[in-house]
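run.txt (compact mmCIF, C-alpha atoms and all ligand atoms)
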# COMPACT_ATOMS: atom_id res chain seq x y z
CA MET A 1249 -30.45 1.58 -0.38
CA VAL A 1250 -28.19 4.13 -2.07
CA LEU A 1251 -28.08 6.31 1.07
CA LEU A 1252 -27.32 3.29 3.21
CA PHE A 1253 -24.37 2.37 0.99
CA PHE A 1254 -23.20 6.00 1.02
CA ALA A 1255 -23.08 5.83 4.84
CA ILE A 1256 -21.35 2.43 4.80
CA GLY A 1257 -18.87 3.88 2.28
CA LEU A 1258 -18.04 6.77 4.64
CA ILE A 1259 -17.20 4.30 7.41
CA PHE A 1260 -15.14 2.06 5.13
CA GLY A 1261 -13.42 5.15 3.71
CA SER A 1262 -12.33 6.13 7.18
CA PHE A 1263 -10.87 2.63 7.64
CA TYR A 1264 -9.10 2.94 4.25
CA ASN A 1265 -7.43 6.11 5.55
CA VAL A 1266 -5.98 4.02 8.37
CA LEU A 1267 -4.71 1.44 5.85
CA ILE A 1268 -3.24 4.15 3.59
CA TRP A 1269 -1.35 5.72 6.51
CA ARG A 1270 -0.21 2.55 8.28
CA ILE A 1271 0.56 -0.11 5.63
CA PRO A 1272 3.46 1.74 3.93
CA ARG A 1273 4.88 2.59 7.38
CA GLY A 1274 4.77 -1.06 8.44
CA GLU A 1275 2.43 -0.30 11.38
CA SER A 1276 -0.27 -2.64 12.69
CA ILE A 1277 -3.71 -1.81 11.30
CA VAL A 1278 -5.57 -2.65 14.53
CA PHE A 1279 -3.33 -1.31 17.28
CA PRO A 1280 -2.93 1.35 18.62
CA SER A 1281 -6.27 3.12 18.09
CA SER A 1282 -6.33 6.21 15.85
CA HIS A 1283 -4.23 9.08 17.11
CA CYS A 1284 -2.85 12.41 15.90
CA PRO A 1285 0.60 11.85 14.31
CA GLY A 1286 1.64 15.28 15.66
CA CYS A 1287 0.93 15.06 19.39
CA GLY A 1288 -0.10 11.41 19.88
CA HIS A 1289 -3.52 12.47 21.23
CA THR A 1290 -5.89 9.46 20.94
CA LEU A 1291 -8.93 10.40 18.88
CA LYS A 1292 -12.29 10.33 20.67
CA ALA A 1293 -15.54 9.15 19.08
CA ARG A 1294 -16.59 12.65 18.01
CA GLU A 1295 -13.24 13.17 16.26
CA LEU A 1296 -13.72 9.99 14.24
CA ILE A 1297 -16.91 10.90 12.38
CA PRO A 1298 -16.07 10.71 8.66
CA VAL A 1299 -15.91 14.10 6.87
CA LEU A 1300 -17.95 15.86 9.60
CA SER A 1301 -15.16 15.85 12.21
CA TYR A 1302 -12.76 17.27 9.63
CA VAL A 1303 -15.16 20.09 8.75
CA LEU A 1304 -16.08 20.89 12.38
CA GLN A 1305 -12.41 20.97 13.43
CA ARG A 1306 -11.57 23.05 10.32
CA GLY A 1307 -8.98 20.47 9.28
CA ARG A 1308 -6.90 20.68 12.46
CA CYS A 1309 -6.13 18.43 15.44
CA ARG A 1310 -8.23 19.52 18.47
CA CYS A 1311 -5.25 19.04 20.73
CA CYS A 1312 -2.19 20.48 18.97
CA SER A 1313 -3.86 22.27 15.99
CA MET A 1314 -1.68 20.40 13.52
CA ARG A 1315 -3.12 20.44 9.99
CA ILE A 1316 -4.94 17.25 9.01
CA SER A 1317 -4.47 16.33 5.36
CA TRP A 1318 -7.49 17.03 3.12
CA GLN A 1319 -6.83 13.53 1.80
CA TYR A 1320 -8.85 12.12 4.74
CA PRO A 1321 -12.25 13.60 3.79
CA ILE A 1322 -11.50 13.09 0.07
CA ILE A 1323 -10.92 9.33 0.54
CA GLU A 1324 -14.04 9.08 2.73
CA LEU A 1325 -16.20 10.89 0.18
CA THR A 1326 -14.74 8.99 -2.79
CA THR A 1327 -15.45 5.67 -1.08
CA ALA A 1328 -18.99 6.77 -0.16
CA VAL A 1329 -19.79 7.98 -3.70
CA GLY A 1330 -18.28 4.81 -5.21
CA PHE A 1331 -20.26 2.53 -2.89
CA ALA A 1332 -23.49 4.47 -3.57
CA LEU A 1333 -22.97 4.36 -7.36
CA TYR A 1334 -22.32 0.61 -7.42
CA ALA A 1335 -25.25 -0.07 -5.08
CA SER A 1336 -27.58 1.98 -7.29
CA ARG A 1337 -26.89 -0.24 -10.31
CA GLU A 1338 -26.02 -3.72 -9.12
CA VAL A 1339 -28.94 -6.09 -8.57
CA SER A 1340 -27.24 -9.13 -7.07
CA LEU A 1341 -25.48 -8.90 -3.71
CA PRO A 1342 -22.53 -11.20 -4.64
CA ALA A 1343 -21.73 -9.09 -7.73
CA LEU A 1344 -22.02 -5.92 -5.65
CA VAL A 1345 -19.68 -7.23 -2.93
CA SER A 1346 -17.19 -8.26 -5.58
CA LYS A 1347 -17.27 -4.80 -7.25
CA LEU A 1348 -16.95 -2.97 -3.92
CA LEU A 1349 -13.93 -5.07 -2.96
CA PHE A 1350 -12.30 -4.42 -6.34
CA PHE A 1351 -13.00 -0.67 -6.12
CA SER A 1352 -11.65 -0.55 -2.55
CA LEU A 1353 -8.42 -2.41 -3.37
CA LEU A 1354 -7.79 -0.10 -6.36
CA LEU A 1355 -8.44 3.02 -4.27
CA VAL A 1356 -6.22 2.08 -1.32
CA ALA A 1357 -3.36 0.73 -3.45
CA SER A 1358 -3.26 3.63 -5.89
CA THR A 1359 -3.40 6.27 -3.12
CA ILE A 1360 -0.41 4.61 -1.43
CA ASP A 1361 1.36 4.50 -4.81
CA LEU A 1362 0.72 8.24 -5.33
CA GLU A 1363 2.24 9.09 -1.96
CA HIS A 1364 5.01 6.55 -1.53
CA LYS A 1365 5.67 5.26 -5.08
CA ILE A 1366 5.09 1.69 -3.92
CA LEU A 1367 2.30 -0.84 -4.36
CA PRO A 1368 2.65 -2.85 -1.13
CA ASN A 1369 2.55 -6.66 -1.11
CA ALA A 1370 0.27 -6.36 1.92
CA ILE A 1371 -2.44 -5.23 -0.52
CA THR A 1372 -1.64 -6.80 -3.88
CA ILE A 1373 -1.08 -10.39 -2.68
CA PRO A 1374 -4.19 -10.71 -0.44
CA GLY A 1375 -6.05 -8.82 -3.19
CA ILE A 1376 -5.11 -11.46 -5.79
CA MET A 1377 -6.23 -14.23 -3.40
CA ILE A 1378 -9.55 -12.47 -2.69
CA GLY A 1379 -10.12 -12.05 -6.44
CA ALA A 1380 -9.45 -15.76 -7.07
CA VAL A 1381 -11.82 -16.80 -4.25
CA LEU A 1382 -14.59 -14.52 -5.58
CA ALA A 1383 -14.21 -16.03 -9.06
CA PHE A 1384 -14.18 -19.53 -7.57
CA LEU A 1385 -17.46 -18.74 -5.75
CA GLY A 1386 -18.95 -17.47 -9.01
CA TRP A 1387 -19.28 -13.91 -7.65
CA SER A 1388 -17.26 -12.20 -10.38
CA VAL A 1389 -15.90 -13.54 -13.70
CA PRO A 1390 -15.63 -17.31 -14.44
CA ILE A 1391 -12.65 -18.91 -12.68
CA GLY A 1392 -10.90 -19.76 -15.97
CA ALA A 1393 -11.09 -16.14 -17.14
CA SER A 1394 -9.91 -14.98 -13.74
CA LEU A 1395 -6.78 -17.16 -13.75
CA LEU A 1396 -6.06 -16.34 -17.38
CA GLY A 1397 -6.44 -12.64 -16.48
CA LEU A 1398 -3.97 -13.02 -13.62
CA ILE A 1399 -1.34 -14.79 -15.71
CA SER A 1400 -1.66 -12.67 -18.87
CA CYS A 1401 -1.62 -9.28 -17.11
CA ALA A 1402 1.11 -10.07 -14.60
CA GLY A 1403 3.10 -11.72 -17.42
CA PHE A 1404 2.67 -8.77 -19.76
CA LEU A 1405 3.80 -6.25 -17.15
CA LEU A 1406 6.67 -8.50 -16.11
CA VAL A 1407 7.98 -8.32 -19.69
CA LEU A 1408 7.52 -4.52 -19.65
CA ALA A 1409 9.22 -4.22 -16.26
CA LEU A 1410 12.21 -6.25 -17.45
CA ALA A 1411 12.46 -4.36 -20.74
CA THR A 1412 12.01 -0.82 -19.37
CA LYS A 1413 12.99 0.87 -16.15
CA GLY A 1414 9.70 2.62 -15.53
CA MET A 1415 7.90 -0.25 -13.83
CA GLY A 1416 8.48 -2.35 -10.76
CA MET A 1417 7.33 -5.67 -9.34
CA GLY A 1418 4.55 -3.85 -7.48
CA ASP A 1419 3.02 -2.89 -10.84
CA VAL A 1420 3.31 -6.52 -12.02
CA LYS A 1421 1.34 -7.82 -9.01
CA PHE A 1422 -1.14 -4.95 -9.24
CA ALA A 1423 -1.85 -5.81 -12.90
CA GLY A 1424 -2.31 -9.44 -11.82
CA LEU A 1425 -4.87 -8.28 -9.25
CA ILE A 1426 -6.81 -6.41 -11.94
CA GLY A 1427 -6.67 -9.46 -14.23
CA VAL A 1428 -7.90 -11.87 -11.55
CA PHE A 1429 -10.92 -9.64 -10.87
CA ILE A 1430 -12.06 -8.77 -14.40
CA GLY A 1431 -10.53 -11.37 -16.74
CA PRO A 1432 -7.92 -11.11 -19.53
CA LEU A 1433 -9.46 -8.89 -22.21
CA PRO A 1434 -10.90 -6.11 -20.01
CA ALA A 1435 -7.72 -6.17 -17.90
CA LEU A 1436 -5.37 -5.96 -20.90
CA GLY A 1437 -7.64 -3.13 -22.13
CA SER A 1438 -7.07 -1.32 -18.85
CA ILE A 1439 -3.28 -1.65 -19.20
CA PHE A 1440 -3.56 -0.15 -22.67
CA ILE A 1441 -5.70 2.76 -21.39
CA ALA A 1442 -3.34 3.26 -18.45
CA SER A 1443 -0.26 3.37 -20.69
CA LEU A 1444 -1.88 5.89 -23.00
CA ALA A 1445 -3.15 8.11 -20.15
CA GLY A 1446 0.12 7.74 -18.23
CA THR A 1447 2.22 8.76 -21.24
CA VAL A 1448 0.10 11.82 -22.05
CA PHE A 1449 -0.06 12.88 -18.40
CA GLY A 1450 3.66 12.20 -17.91
CA LEU A 1451 4.67 14.35 -20.89
CA ILE A 1452 2.47 17.25 -19.75
CA TYR A 1453 3.70 16.89 -16.17
CA LEU A 1454 7.37 16.92 -17.22
CA LEU A 1455 6.78 19.92 -19.51
CA ILE A 1456 5.04 21.93 -16.78
CA THR A 1457 7.38 21.05 -13.92
CA ARG A 1458 10.48 20.98 -16.17
CA GLN A 1459 11.78 17.90 -14.39
CA GLY A 1460 14.11 15.34 -15.94
CA ARG A 1461 12.86 12.34 -17.91
CA ASN A 1462 13.85 10.03 -15.08
CA THR A 1463 11.34 11.52 -12.64
CA PRO A 1464 9.33 8.53 -11.37
CA ILE A 1465 5.62 8.80 -12.10
CA PRO A 1466 3.53 6.16 -10.29
CA PHE A 1467 1.72 3.88 -12.74
CA GLY A 1468 -0.71 2.40 -10.16
CA PRO A 1469 -3.28 5.23 -10.23
CA PHE A 1470 -3.44 5.03 -14.05
CA LEU A 1471 -3.89 1.26 -13.92
CA ALA A 1472 -6.65 1.70 -11.34
CA LEU A 1473 -8.51 4.29 -13.44
CA GLY A 1474 -8.07 2.16 -16.57
CA ALA A 1475 -9.42 -0.87 -14.68
CA LEU A 1476 -12.52 0.95 -13.42
CA PHE A 1477 -13.13 2.25 -16.94
CA SER A 1478 -12.75 -1.13 -18.68
CA ALA A 1479 -14.75 -2.97 -16.00
CA GLU A 1480 -17.62 -0.61 -16.84
CA PHE A 1481 -17.41 -0.87 -20.61
CA PHE A 1482 -15.97 -4.29 -21.43
CA LEU A 1483 -17.58 -6.53 -18.80
ZN ZN B 1501 -2.41 16.63 17.61
Can I see the file as C-alpha cells?
Ligand SMILES: [Zn+2]
Amino acid sequence: MVLLFFAIGLIFGSFYNVLIWRIPRGESIVFPSSHCPGCGHTLKARELIPVLSYVLQRGRCRCCSMRISWQYPIIELTTAVGFALYASREVSLPALVSKLLFFSLLLVASTIDLEHKILPNAITIPGIMIGAVLAFLGWSVPIGASLLGLISCAGFLLVLALATKGMGMGDVKFAGLIGVFIGPLPALGSIFIASLAGTVFGLIYLLITRQGRNTPIPFGPFLALGALFSAEFFL
C-alpha cells in the first residue's frame, strides 16, 4: 500500500512540475506535451520517468544538453514521500484523498511562490472550492468549521495585508484555502507558526545576505509548512 502510493506520488509529482512551470507563465497545462524549454525537443516516454530519467541523463536534456533544474526530482520525491506517509497512517480513503489534495495544493502553490513571488488564482480559487466540496461531502472537517476557517483566515490576512506592506491578496486567498481545509483554530494556528518562522527566517536571511528590509520574502511556503504542522497536531 505504502509502495503503491509512493509510485502514484512520483507520477503526480511529475504532473505538479508541469503545473509549477506552466501556471505562472500562463501556459495551458495539457497542450503542448512536455518539451525541453531550451531546444523545444518533445520529451519521449523514457525521458518522462520520474527521478530516474533525471539521474540517467545526469540532469541534462538529451538533445541540447541544457541543465535541467534539480527542482524536478525534488518535487517528484517530495510528493512520493508525502503520499506514502499519508497512506501509511490514514485508514479511510475519503480522509486520505482529502489530505493528499491539501498536501498537493500546498506544495504546488508554495513552490510557485518561492520562484515567482506569486500565489496564482489558478490554484488558490479552485483549491478553496475543492476544500469546500470535500467538507460538504464529509471527507474533511465539518462544513461549518470549513466555512468559518475560510472566512476567519482570509479575513485575518486581509487585515494584515491592508495594515502592512508585506502581504498580498495571494496570501489572503491562500490562507482562506488552508482555513477551508482544516477549520478555524488549526488554520489560525498555522498563520501564527508561519509568522513566527517567517520572521526568524527573514531576519537571519537579511543578516546573511545583507539585503535591505524591503526585500520581498514569500510568505506562502511558511504558511504551507505551518498548515502541515498544525493539521498534524491540532486536528
Ligand atoms: Zn533541450
Next on the checklist: One number please: CA of Arg1273 in chain A to CA of Ile1360 in chain A, in Å, one decimal.
Outcome noted: 10.5 Å
Checklist entry - Neighbours of Leu1396 in chain A within 12 Å (all atoms listed in the file; same-chain residues fewer than 5 positions away dropped), as a list in words? => result Ala1380, Ala1383, Val1389, Pro1390, Ile1391, Cys1401, Ala1402, Gly1403, Phe1404, Gly1424, Leu1425, Ile1426, Gly1427, Val1428, Phe1429, Ile1430, Gly1431, Pro1432, Leu1433, Pro1434, Ala1435 and Leu1436 of chain A
List all protein, DNA and RNA residues that have any atom at most 6 Å from ligand ZN 1501 (chain B), counting all atoms listed in the file, and write the list as a compact mmCIF listing (two decimals) with C-alpha atoms, in the coordinates of the input.
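The new file part20.txt reads:
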# COMPACT_ATOMS: atom_id res chain seq x y z
CA CYS A 1284 -2.85 12.41 15.90
CA GLY A 1286 1.64 15.28 15.66
CA CYS A 1287 0.93 15.06 19.39
CA HIS A 1289 -3.52 12.47 21.23
CA CYS A 1309 -6.13 18.43 15.44
CA CYS A 1311 -5.25 19.04 20.73
CA CYS A 1312 -2.19 20.48 18.97
CA MET A 1314 -1.68 20.40 13.52
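If you look at CA of Thr1327 in chain A and CA of Leu1258 in chain A, they are 6.4 Å away from each other.
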Checklist entry - Nearest to Ile1271 in chain A among A:Thr1372, A:His1283, A:Phe1254, A:Ser1388, with distances taken over all atoms listed in the file: which residue is it? => result A:Thr1372
Range 1345-1381 of chain A residues near range 1319-1323 of chain A within 9 Å, closest pair each, using only C-alpha atoms, as JSON lines:
{"residue": "A:Leu1355", "atom": "CA", "partner": "A:Ile1323", "partner_atom": "CA", "distance": 8.3}
{"residue": "A:Val1356", "atom": "CA", "partner": "A:Ile1323", "partner_atom": "CA", "distance": 8.8}
{"residue": "A:Thr1359", "atom": "CA", "partner": "A:Ile1323", "partner_atom": "CA", "distance": 8.9}
Checklist entry - So how far away is CA of Lys1365 in chain A from CA of Ser1262 in chain A, in Å? => result 21.8 Å
Next on the checklist: Please list as a PyMOL selection string every residue within 10 Å of Phe1350 in chain A, counting all atoms listed in the file and excluding residues in the same chain fewer than 2 positions away.
Outcome noted: chain A and resi 1344-1348+1352-1355+1375+1378-1379+1425-1426+1429-1430+1472+1475-1476
Would you save the residues of that selection, restricted to C-alpha atoms, as a compact mmCIF listing (two decimals), keeping the file's coordinate frame?
# COMPACT_ATOMS: atom_id res chain seq x y z
CA LEU A 1344 -22.02 -5.92 -5.65
CA VAL A 1345 -19.68 -7.23 -2.93
CA SER A 1346 -17.19 -8.26 -5.58
CA LYS A 1347 -17.27 -4.80 -7.25
CA LEU A 1348 -16.95 -2.97 -3.92
CA SER A 1352 -11.65 -0.55 -2.55
CA LEU A 1353 -8.42 -2.41 -3.37
CA LEU A 1354 -7.79 -0.10 -6.36
CA LEU A 1355 -8.44 3.02 -4.27
CA GLY A 1375 -6.05 -8.82 -3.19
CA ILE A 1378 -9.55 -12.47 -2.69
CA GLY A 1379 -10.12 -12.05 -6.44
CA LEU A 1425 -4.87 -8.28 -9.25
CA ILE A 1426 -6.81 -6.41 -11.94
CA PHE A 1429 -10.92 -9.64 -10.87
CA ILE A 1430 -12.06 -8.77 -14.40
CA ALA A 1472 -6.65 1.70 -11.34
CA ALA A 1475 -9.42 -0.87 -14.68
CA LEU A 1476 -12.52 0.95 -13.42
Next on the checklist: Show me, as a list in words, the residues that have an atom within 12 Å of Thr1447 in chain A when counting all atoms listed in the file, minus same-chain residues fewer than 3 positions from it.
Outcome noted: Gly1414, Ile1439, Phe1440, Ile1441, Ala1442, Ser1443, Leu1444, Gly1450, Leu1451, Ile1452, Tyr1453, Leu1454, Arg1461, Ile1465, Pro1466, Phe1467 and Phe1470 of chain A
Next on the checklist: Give me, as a PyMOL selection string, all polymer residues having an atom no more than 12 Å from Ile1297 in chain A, counting only C-alpha atoms and skipping those fewer than 4 positions away in the same chain.
Outcome noted: chain A and resi 1255+1258-1263+1291-1293+1301-1305+1320-1321+1324
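The protein and nucleic acid residues lying at most 10 Å from Ala1370 in chain A are Ile1271, Pro1272, Gly1274 and Ala1357 of chain A, with only C-alpha atoms considered and sequence neighbours fewer than 6 positions away removed.
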Kindly export the residues of the current selection with C-alpha atoms, as a compact mmCIF listing (two decimals), keeping the file's coordinate frame.
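Saved file selection_2.txt follows:
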# COMPACT_ATOMS: atom_id res chain seq x y z
CA ILE A 1271 0.56 -0.11 5.63
CA PRO A 1272 3.46 1.74 3.93
CA GLY A 1274 4.77 -1.06 8.44
CA ALA A 1357 -3.36 0.73 -3.45
Extending 5 Å beyond the listed atoms of range 1331-1342 of chain A on each side, what axis-aligned box results? I want centre and edge lengths in Å to one decimal, as AutoDock Vina command-line options.
--center_x -24.6 --center_y -3.4 --center_z -6.6 --size_x 18.7 --size_y 25.7 --size_z 17.4
Item to check | Nearest candidate to Pro1464 in chain A (options A:Arg1310, A:Phe1351, A:Met1415, A:Leu1408; using all atoms listed in the file) | outcome: A:Met1415
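Considering all atoms listed in the file, the residue among A:Gly1397, A:Gly1307, A:Gly1257, A:Pro1285 positioned nearest to Phe1331 in chain A is A:Gly1257.
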Since fewer atoms than expected are present, regenerate N, CA and C atoms for range 1324-1360 of chain A and write them as a PDB file, in the frame of the given file.
ATOM      1  N   GLU A1324     -12.742   9.476   2.167  1.00  0.00           N
ATOM      2  CA  GLU A1324     -14.040   9.080   2.730  1.00  0.00           C
ATOM      3  C   GLU A1324     -15.165   9.354   1.743  1.00  0.00           C
ATOM      4  N   LEU A1325     -15.137  10.540   1.134  1.00  0.00           N
ATOM      5  CA  LEU A1325     -16.200  10.890   0.180  1.00  0.00           C
ATOM      6  C   LEU A1325     -16.122  10.038  -1.085  1.00  0.00           C
ATOM      7  N   THR A1326     -14.888   9.808  -1.581  1.00  0.00           N
ATOM      8  CA  THR A1326     -14.740   8.990  -2.790  1.00  0.00           C
ATOM      9  C   THR A1326     -15.289   7.594  -2.548  1.00  0.00           C
ATOM     10  N   THR A1327     -14.953   7.003  -1.384  1.00  0.00           N
ATOM     11  CA  THR A1327     -15.450   5.670  -1.080  1.00  0.00           C
ATOM     12  C   THR A1327     -16.980   5.677  -1.003  1.00  0.00           C
ATOM     13  N   ALA A1328     -17.534   6.694  -0.322  1.00  0.00           N
ATOM     14  CA  ALA A1328     -18.990   6.770  -0.160  1.00  0.00           C
ATOM     15  C   ALA A1328     -19.686   6.901  -1.518  1.00  0.00           C
ATOM     16  N   VAL A1329     -19.168   7.782  -2.374  1.00  0.00           N
ATOM     17  CA  VAL A1329     -19.790   7.980  -3.700  1.00  0.00           C
ATOM     18  C   VAL A1329     -19.657   6.697  -4.524  1.00  0.00           C
ATOM     19  N   GLY A1330     -18.482   6.063  -4.477  1.00  0.00           N
ATOM     20  CA  GLY A1330     -18.280   4.810  -5.210  1.00  0.00           C
ATOM     21  C   GLY A1330     -19.244   3.734  -4.747  1.00  0.00           C
ATOM     22  N   PHE A1331     -19.358   3.547  -3.431  1.00  0.00           N
ATOM     23  CA  PHE A1331     -20.260   2.530  -2.890  1.00  0.00           C
ATOM     24  C   PHE A1331     -21.704   2.821  -3.322  1.00  0.00           C
ATOM     25  N   ALA A1332     -22.112   4.098  -3.229  1.00  0.00           N
ATOM     26  CA  ALA A1332     -23.490   4.470  -3.570  1.00  0.00           C
ATOM     27  C   ALA A1332     -23.763   4.207  -5.059  1.00  0.00           C
ATOM     28  N   LEU A1333     -22.787   4.565  -5.918  1.00  0.00           N
ATOM     29  CA  LEU A1333     -22.970   4.360  -7.360  1.00  0.00           C
ATOM     30  C   LEU A1333     -23.120   2.887  -7.710  1.00  0.00           C
ATOM     31  N   TYR A1334     -22.227   2.041  -7.131  1.00  0.00           N
ATOM     32  CA  TYR A1334     -22.320   0.610  -7.420  1.00  0.00           C
ATOM     33  C   TYR A1334     -23.624   0.031  -6.896  1.00  0.00           C
ATOM     34  N   ALA A1335     -24.017   0.469  -5.681  1.00  0.00           N
ATOM     35  CA  ALA A1335     -25.250  -0.070  -5.080  1.00  0.00           C
ATOM     36  C   ALA A1335     -26.475   0.330  -5.895  1.00  0.00           C
ATOM     37  N   SER A1336     -26.414   1.504  -6.537  1.00  0.00           N
ATOM     38  CA  SER A1336     -27.580   1.980  -7.290  1.00  0.00           C
ATOM     39  C   SER A1336     -27.795   1.159  -8.566  1.00  0.00           C
ATOM     40  N   ARG A1337     -26.751   0.443  -9.027  1.00  0.00           N
ATOM     41  CA  ARG A1337     -26.890  -0.240 -10.310  1.00  0.00           C
ATOM     42  C   ARG A1337     -26.849  -1.746 -10.227  1.00  0.00           C
ATOM     43  N   GLU A1338     -26.201  -2.269  -9.177  1.00  0.00           N
ATOM     44  CA  GLU A1338     -26.020  -3.720  -9.120  1.00  0.00           C
ATOM     45  C   GLU A1338     -27.230  -4.386  -8.504  1.00  0.00           C
ATOM     46  N   VAL A1339     -27.749  -5.438  -9.126  1.00  0.00           N
ATOM     47  CA  VAL A1339     -28.940  -6.090  -8.570  1.00  0.00           C
ATOM     48  C   VAL A1339     -28.595  -7.237  -7.635  1.00  0.00           C
ATOM     49  N   SER A1340     -27.526  -7.988  -7.931  1.00  0.00           N
ATOM     50  CA  SER A1340     -27.240  -9.130  -7.070  1.00  0.00           C
ATOM     51  C   SER A1340     -26.181  -8.758  -6.026  1.00  0.00           C
ATOM     52  N   LEU A1341     -26.392  -9.230  -4.808  1.00  0.00           N
ATOM     53  CA  LEU A1341     -25.480  -8.900  -3.710  1.00  0.00           C
ATOM     54  C   LEU A1341     -24.062  -9.440  -3.941  1.00  0.00           C
ATOM     55  N   PRO A1342     -23.897 -10.705  -4.395  1.00  0.00           N
ATOM     56  CA  PRO A1342     -22.530 -11.200  -4.640  1.00  0.00           C
ATOM     57  C   PRO A1342     -21.762 -10.326  -5.632  1.00  0.00           C
ATOM     58  N   ALA A1343     -22.416  -9.928  -6.738  1.00  0.00           N
ATOM     59  CA  ALA A1343     -21.730  -9.090  -7.730  1.00  0.00           C
ATOM     60  C   ALA A1343     -21.384  -7.735  -7.124  1.00  0.00           C
ATOM     61  N   LEU A1344     -22.281  -7.213  -6.274  1.00  0.00           N
ATOM     62  CA  LEU A1344     -22.020  -5.920  -5.650  1.00  0.00           C
ATOM     63  C   LEU A1344     -20.820  -6.003  -4.698  1.00  0.00           C
ATOM     64  N   VAL A1345     -20.799  -7.048  -3.867  1.00  0.00           N
ATOM     65  CA  VAL A1345     -19.680  -7.230  -2.930  1.00  0.00           C
ATOM     66  C   VAL A1345     -18.370  -7.318  -3.695  1.00  0.00           C
ATOM     67  N   SER A1346     -18.382  -8.084  -4.784  1.00  0.00           N
ATOM     68  CA  SER A1346     -17.190  -8.260  -5.580  1.00  0.00           C
ATOM     69  C   SER A1346     -16.712  -6.915  -6.162  1.00  0.00           C
ATOM     70  N   LYS A1347     -17.648  -6.098  -6.676  1.00  0.00           N
ATOM     71  CA  LYS A1347     -17.270  -4.800  -7.250  1.00  0.00           C
ATOM     72  C   LYS A1347     -16.755  -3.841  -6.177  1.00  0.00           C
ATOM     73  N   LEU A1348     -17.388  -3.870  -4.991  1.00  0.00           N
ATOM     74  CA  LEU A1348     -16.950  -2.970  -3.920  1.00  0.00           C
ATOM     75  C   LEU A1348     -15.554  -3.329  -3.436  1.00  0.00           C
ATOM     76  N   LEU A1349     -15.268  -4.637  -3.357  1.00  0.00           N
ATOM     77  CA  LEU A1349     -13.930  -5.070  -2.960  1.00  0.00           C
ATOM     78  C   LEU A1349     -12.896  -4.617  -3.990  1.00  0.00           C
ATOM     79  N   PHE A1350     -13.207  -4.803  -5.257  1.00  0.00           N
ATOM     80  CA  PHE A1350     -12.300  -4.420  -6.340  1.00  0.00           C
ATOM     81  C   PHE A1350     -12.029  -2.913  -6.278  1.00  0.00           C
ATOM     82  N   PHE A1351     -13.108  -2.124  -6.198  1.00  0.00           N
ATOM     83  CA  PHE A1351     -13.000  -0.670  -6.120  1.00  0.00           C
ATOM     84  C   PHE A1351     -12.139  -0.261  -4.916  1.00  0.00           C
ATOM     85  N   SER A1352     -12.365  -0.908  -3.767  1.00  0.00           N
ATOM     86  CA  SER A1352     -11.650  -0.550  -2.550  1.00  0.00           C
ATOM     87  C   SER A1352     -10.155  -0.852  -2.662  1.00  0.00           C
ATOM     88  N   LEU A1353      -9.824  -2.034  -3.205  1.00  0.00           N
ATOM     89  CA  LEU A1353      -8.420  -2.410  -3.370  1.00  0.00           C
ATOM     90  C   LEU A1353      -7.712  -1.422  -4.303  1.00  0.00           C
ATOM     91  N   LEU A1354      -8.387  -1.048  -5.398  1.00  0.00           N
ATOM     92  CA  LEU A1354      -7.790  -0.100  -6.360  1.00  0.00           C
ATOM     93  C   LEU A1354      -7.551   1.246  -5.684  1.00  0.00           C
ATOM     94  N   LEU A1355      -8.537   1.699  -4.909  1.00  0.00           N
ATOM     95  CA  LEU A1355      -8.440   3.020  -4.270  1.00  0.00           C
ATOM     96  C   LEU A1355      -7.297   3.069  -3.252  1.00  0.00           C
ATOM     97  N   VAL A1356      -7.243   2.073  -2.373  1.00  0.00           N
ATOM     98  CA  VAL A1356      -6.220   2.080  -1.320  1.00  0.00           C
ATOM     99  C   VAL A1356      -4.826   1.930  -1.945  1.00  0.00           C
ATOM    100  N   ALA A1357      -4.675   0.972  -2.863  1.00  0.00           N
ATOM    101  CA  ALA A1357      -3.360   0.730  -3.450  1.00  0.00           C
ATOM    102  C   ALA A1357      -2.875   1.940  -4.242  1.00  0.00           C
ATOM    103  N   SER A1358      -3.764   2.552  -5.041  1.00  0.00           N
ATOM    104  CA  SER A1358      -3.260   3.630  -5.890  1.00  0.00           C
ATOM    105  C   SER A1358      -2.993   4.904  -5.074  1.00  0.00           C
ATOM    106  N   THR A1359      -3.711   5.114  -3.964  1.00  0.00           N
ATOM    107  CA  THR A1359      -3.400   6.270  -3.120  1.00  0.00           C
ATOM    108  C   THR A1359      -2.028   6.099  -2.465  1.00  0.00           C
ATOM    109  N   ILE A1360      -1.744   4.872  -2.006  1.00  0.00           N
ATOM    110  CA  ILE A1360      -0.410   4.610  -1.430  1.00  0.00           C
ATOM    111  C   ILE A1360       0.667   4.802  -2.497  1.00  0.00           C
TER     112      ILE A1360
END
